[in-house]
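A short worksheet on the structure shown next.
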Amino acid sequence: MSLSVGIVGLPNAGKSTLFNALVARRLAETAARPFTTIEPHEAVVAVPDKNIEELSRLISPEETVYANVTFIDIAGLVRGAHKGEGLGNQFLAKIREVDAITHVVRAFKDPNVSHQHATHEPGSLDQILEDIEIVNLELELGEIKGKPMIYVLNVNESDLAQKSQIEDFVIRVKDKYGEALAISAKIEEDLMDLNPIEKRDYLRQLGVHESGLEKLIKKSYELLNLITFYTIKPSSAKASEGRGGGNQVTARSIKEGSTAIEAAAVVHTDFAKGFIKAEVISVSELLETGGWHNAKEKGKVRLEGRDYVVQDRDVIEFKVNT
Ligand SMILES: Nc1nc2c(ncn2[C@@H]2O[C@H](COP(=O)(O)OP(=O)(O)O)[C@@H](O)[C@H]2O)c(=O)[nH]1
Ligand SMILES: [Mg+2]
């Protein structure tokens with residue numbers, strides 16, 4: 001299941017700056033393989049996931065495939081977009097296709113960056129709330145139906161250290177509208193040129209620990225009530241030796257409440273057709289027991305039928321008739 005998130009917001013809110021930072025985190029070619037064309041306005045990024053990293057360390061697969069989210073930079077929202085102003089119609093058509101919306105709101109002050117609709121100082125709380133209303137009204141009038149939304153307050157790099165004020169803004173937006181977080185799109189753009197150590201030092205200088213982009217990716221994923229399950233594709237050589245190794249560890253997304261047969265269909269339509277049973281273990285138990293072979297010997301791998309409700313972080317091996 002591929003999840004797509006549209007980035008919207010008023011002109012000069014910082015959408016493209018944020019998008020560029022996401023592009024820098026695009027998945028490597030192999031992992032992006034299911035996506036035949038890479039669109040200039042689309043960035044397929046991996047969902048940060050400690051479990052799949054640990055699973056890979058345990059199994060040493062030839063390939064590790066993360067769950068992913070596609071972010072789409074959707075330009076063209078201005079006041080009157082629902083009547084076709086600006087790129088209104090194109091804008092609405094694109095936004096209807098996405099699963100969730102990242103709503104970028106300008107929370108930075110910069111006299112050099114213009115604001116089309118400001119009645120207060122751009123970046124002030126009053127203007128932030130007004131900007132949100134303008135965008136949400138256009139979405140409502142354009143009949144975009146209650147799609148899950150995350151508000152991203154795009155703050156100045158120098159303001160990031162002033163935590164209390166930013167937190168106050170985030171809480172105000174959260175209370176009134178829903179899920180919200182603060183990001184400095186400019187910092188995220190700067191971070192993309194740094195190696196991991198430089199990145200950590202830079203973040204530390206700014207007094208923050210986690211890059212805002214990671215938080216945004218994780219939150220977007222959670223917003224849709226998706227859970228993750230893992231599959232290990234056995235390498236034929238290792239499997240025949242009974243070592244239970246794998247040549248590909250894959251994280252996959254499904255809606256919470258999905259059954260084993262639905263999960264099988266996500267892996268391969270033939271898997272659903274030929275479904276016999278599922279061998280299941282939680283990722284933490286698999287890591288504790290030290291591998292599939294040990295886990296089976298200790299009786300930790302359960303046999304489940306087609307109606308089993310998949311739990312978040314299950315590792316599943318499907319037994320199928322092909
Ligand atoms: N000072 C400052 N300027 C920013 C920030 N984010 C974006 N900008 C600037 O604002 C302008 C518009 O940004 P852009 O990402 O193109 O906005 P978009 O119209 O929403 O795509 C550009 O000149 C950016 O460099 C920020 O956090 N601080
Ligand atoms: Mg733009």
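Just so we're on the same page: first chain in the structure tokens is A, next is B, and so on; residues restart at 1 for each chain, and ligands are numbered from 1 in the order they show up.
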
Return as an MDAnalysis selection string every polymer residue, whether protein, DNA or RNA, with at least one atom no more than 12 Å from an atom of ligand 1; count only C-alpha atoms and all ligand atoms.
chainID A and resid 7:21 41 72:78 102:116 122:123 152:160 182:190

Output the selection as a PDB file, in the first residue's frame - C-alpha atoms for each residue.
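Result file selection.pdb:
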```
ATOM      1  CA  ILE A   7       1.878  19.485   0.495  1.00  0.00           C
ATOM      2  CA  VAL A   8      -0.388  22.533   0.381  1.00  0.00           C
ATOM      3  CA  GLY A   9      -0.274  26.062   1.722  1.00  0.00           C
ATOM      4  CA  LEU A  10      -0.377  29.690   0.608  1.00  0.00           C
ATOM      5  CA  PRO A  11       2.304  30.998  -1.772  1.00  0.00           C
ATOM      6  CA  ASN A  12       5.628  31.620   0.019  1.00  0.00           C
ATOM      7  CA  ALA A  13       4.713  29.459   2.996  1.00  0.00           C
ATOM      8  CA  GLY A  14       7.793  27.325   2.323  1.00  0.00           C
ATOM      9  CA  LYS A  15       6.240  24.326   0.543  1.00  0.00           C
ATOM     10  CA  SER A  16       8.941  23.960  -2.100  1.00  0.00           C
ATOM     11  CA  THR A  17      11.723  24.470   0.435  1.00  0.00           C
ATOM     12  CA  LEU A  18      10.269  21.639   2.515  1.00  0.00           C
ATOM     13  CA  PHE A  19       9.742  19.519  -0.573  1.00  0.00           C
ATOM     14  CA  ASN A  20      13.370  19.965  -1.658  1.00  0.00           C
ATOM     15  CA  ALA A  21      14.529  18.676   1.699  1.00  0.00           C
ATOM     16  CA  HIS A  41       6.974  17.068  -7.912  1.00  0.00           C
ATOM     17  CA  ILE A  72       3.704  15.714  -3.610  1.00  0.00           C
ATOM     18  CA  ASP A  73       4.350  19.448  -3.901  1.00  0.00           C
ATOM     19  CA  ILE A  74       0.948  20.809  -4.905  1.00  0.00           C
ATOM     20  CA  ALA A  75       1.296  24.413  -5.957  1.00  0.00           C
ATOM     21  CA  GLY A  76      -1.479  26.780  -6.866  1.00  0.00           C
ATOM     22  CA  LEU A  77      -3.586  27.410  -3.842  1.00  0.00           C
ATOM     23  CA  VAL A  78      -4.626  31.053  -3.623  1.00  0.00           C
ATOM     24  CA  THR A 102       0.526  18.403   4.906  1.00  0.00           C
ATOM     25  CA  HIS A 103      -0.574  21.976   5.361  1.00  0.00           C
ATOM     26  CA  VAL A 104       2.460  24.284   5.455  1.00  0.00           C
ATOM     27  CA  VAL A 105       1.856  27.531   7.288  1.00  0.00           C
ATOM     28  CA  ARG A 106       4.256  30.432   7.261  1.00  0.00           C
ATOM     29  CA  ALA A 107       5.431  30.991  10.834  1.00  0.00           C
ATOM     30  CA  PHE A 108       8.640  32.813   9.920  1.00  0.00           C
ATOM     31  CA  LYS A 109       9.149  36.544   9.883  1.00  0.00           C
ATOM     32  CA  ASP A 110      11.110  37.868   6.951  1.00  0.00           C
ATOM     33  CA  PRO A 111      10.429  41.279   5.389  1.00  0.00           C
ATOM     34  CA  ASN A 112      12.040  40.075   2.159  1.00  0.00           C
ATOM     35  CA  VAL A 113       9.437  37.389   1.574  1.00  0.00           C
ATOM     36  CA  SER A 114       6.072  38.739   0.493  1.00  0.00           C
ATOM     37  CA  HIS A 115       2.675  37.610   1.682  1.00  0.00           C
ATOM     38  CA  GLN A 116      -0.351  38.096  -0.561  1.00  0.00           C
ATOM     39  CA  PRO A 122       3.402  37.491   8.539  1.00  0.00           C
ATOM     40  CA  GLY A 123       4.572  34.846  10.983  1.00  0.00           C
ATOM     41  CA  VAL A 152       3.434  22.234   9.648  1.00  0.00           C
ATOM     42  CA  LEU A 153       4.436  25.577  11.100  1.00  0.00           C
ATOM     43  CA  ASN A 154       7.433  26.694   9.086  1.00  0.00           C
ATOM     44  CA  VAL A 155       9.547  28.650  11.539  1.00  0.00           C
ATOM     45  CA  ASN A 156      12.736  30.668  11.189  1.00  0.00           C
ATOM     46  CA  GLU A 157      15.947  28.864  11.965  1.00  0.00           C
ATOM     47  CA  SER A 158      16.733  31.464  14.634  1.00  0.00           C
ATOM     48  CA  ASP A 159      13.354  30.874  16.293  1.00  0.00           C
ATOM     49  CA  LEU A 160      13.835  27.143  16.717  1.00  0.00           C
ATOM     50  CA  ALA A 182       7.036  23.006  13.886  1.00  0.00           C
ATOM     51  CA  ILE A 183       9.719  22.651  11.242  1.00  0.00           C
ATOM     52  CA  SER A 184      12.301  24.972   9.823  1.00  0.00           C
ATOM     53  CA  ALA A 185      12.161  24.163   6.143  1.00  0.00           C
ATOM     54  CA  LYS A 186      15.378  26.152   5.639  1.00  0.00           C
ATOM     55  CA  ILE A 187      17.241  24.086   8.228  1.00  0.00           C
ATOM     56  CA  GLU A 188      15.951  20.879   6.711  1.00  0.00           C
ATOM     57  CA  GLU A 189      17.265  22.098   3.378  1.00  0.00           C
ATOM     58  CA  ASP A 190      20.678  22.865   4.943  1.00  0.00           C
TER      59      ASP A 190
END
```

Any idea what's packed within 10 Å of region 257-268 of chain A, counting only C-alpha atoms, ignoring anything in its chain fewer than 5 positions away? Could you give it as a VMD selection string?
chain A and resid 1 225 to 227 229 231 250 252 273 to 280 304 to 312 316 to 320

To one decimal place in Å, what is the distance between CA of Lys296 (chain A) and CA of Arg313 (chain A)?
17.7 Å

Backbone DSSP call of strand (DSSP E or B) for region 93-281 of chain A, listed as a VMD selection string:
chain A and resid 100 to 106 149 to 154 180 to 183 226 to 233 248 to 255 259 275 to 281

Enumerate as a PyMOL selection string all residues of region 32-197 of chain A assigned to helix (DSSP H, G or I) by DSSP on the backbone, naming them with the chain letters and numbers the document uses.
chain A and resi 50-59+81-83+88-97+125-141+157-159+163-176+185-191+196-197

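Omitting Val65 (chain A) and its sequence neighbours fewer than 3 positions away, and counting only C-alpha atoms, the residues within 9 Å are Thr30, Ala31, Ala46, Ile52, Asn68, Gln248, Val249, Thr250, Ala251 and Arg252 of chain A.
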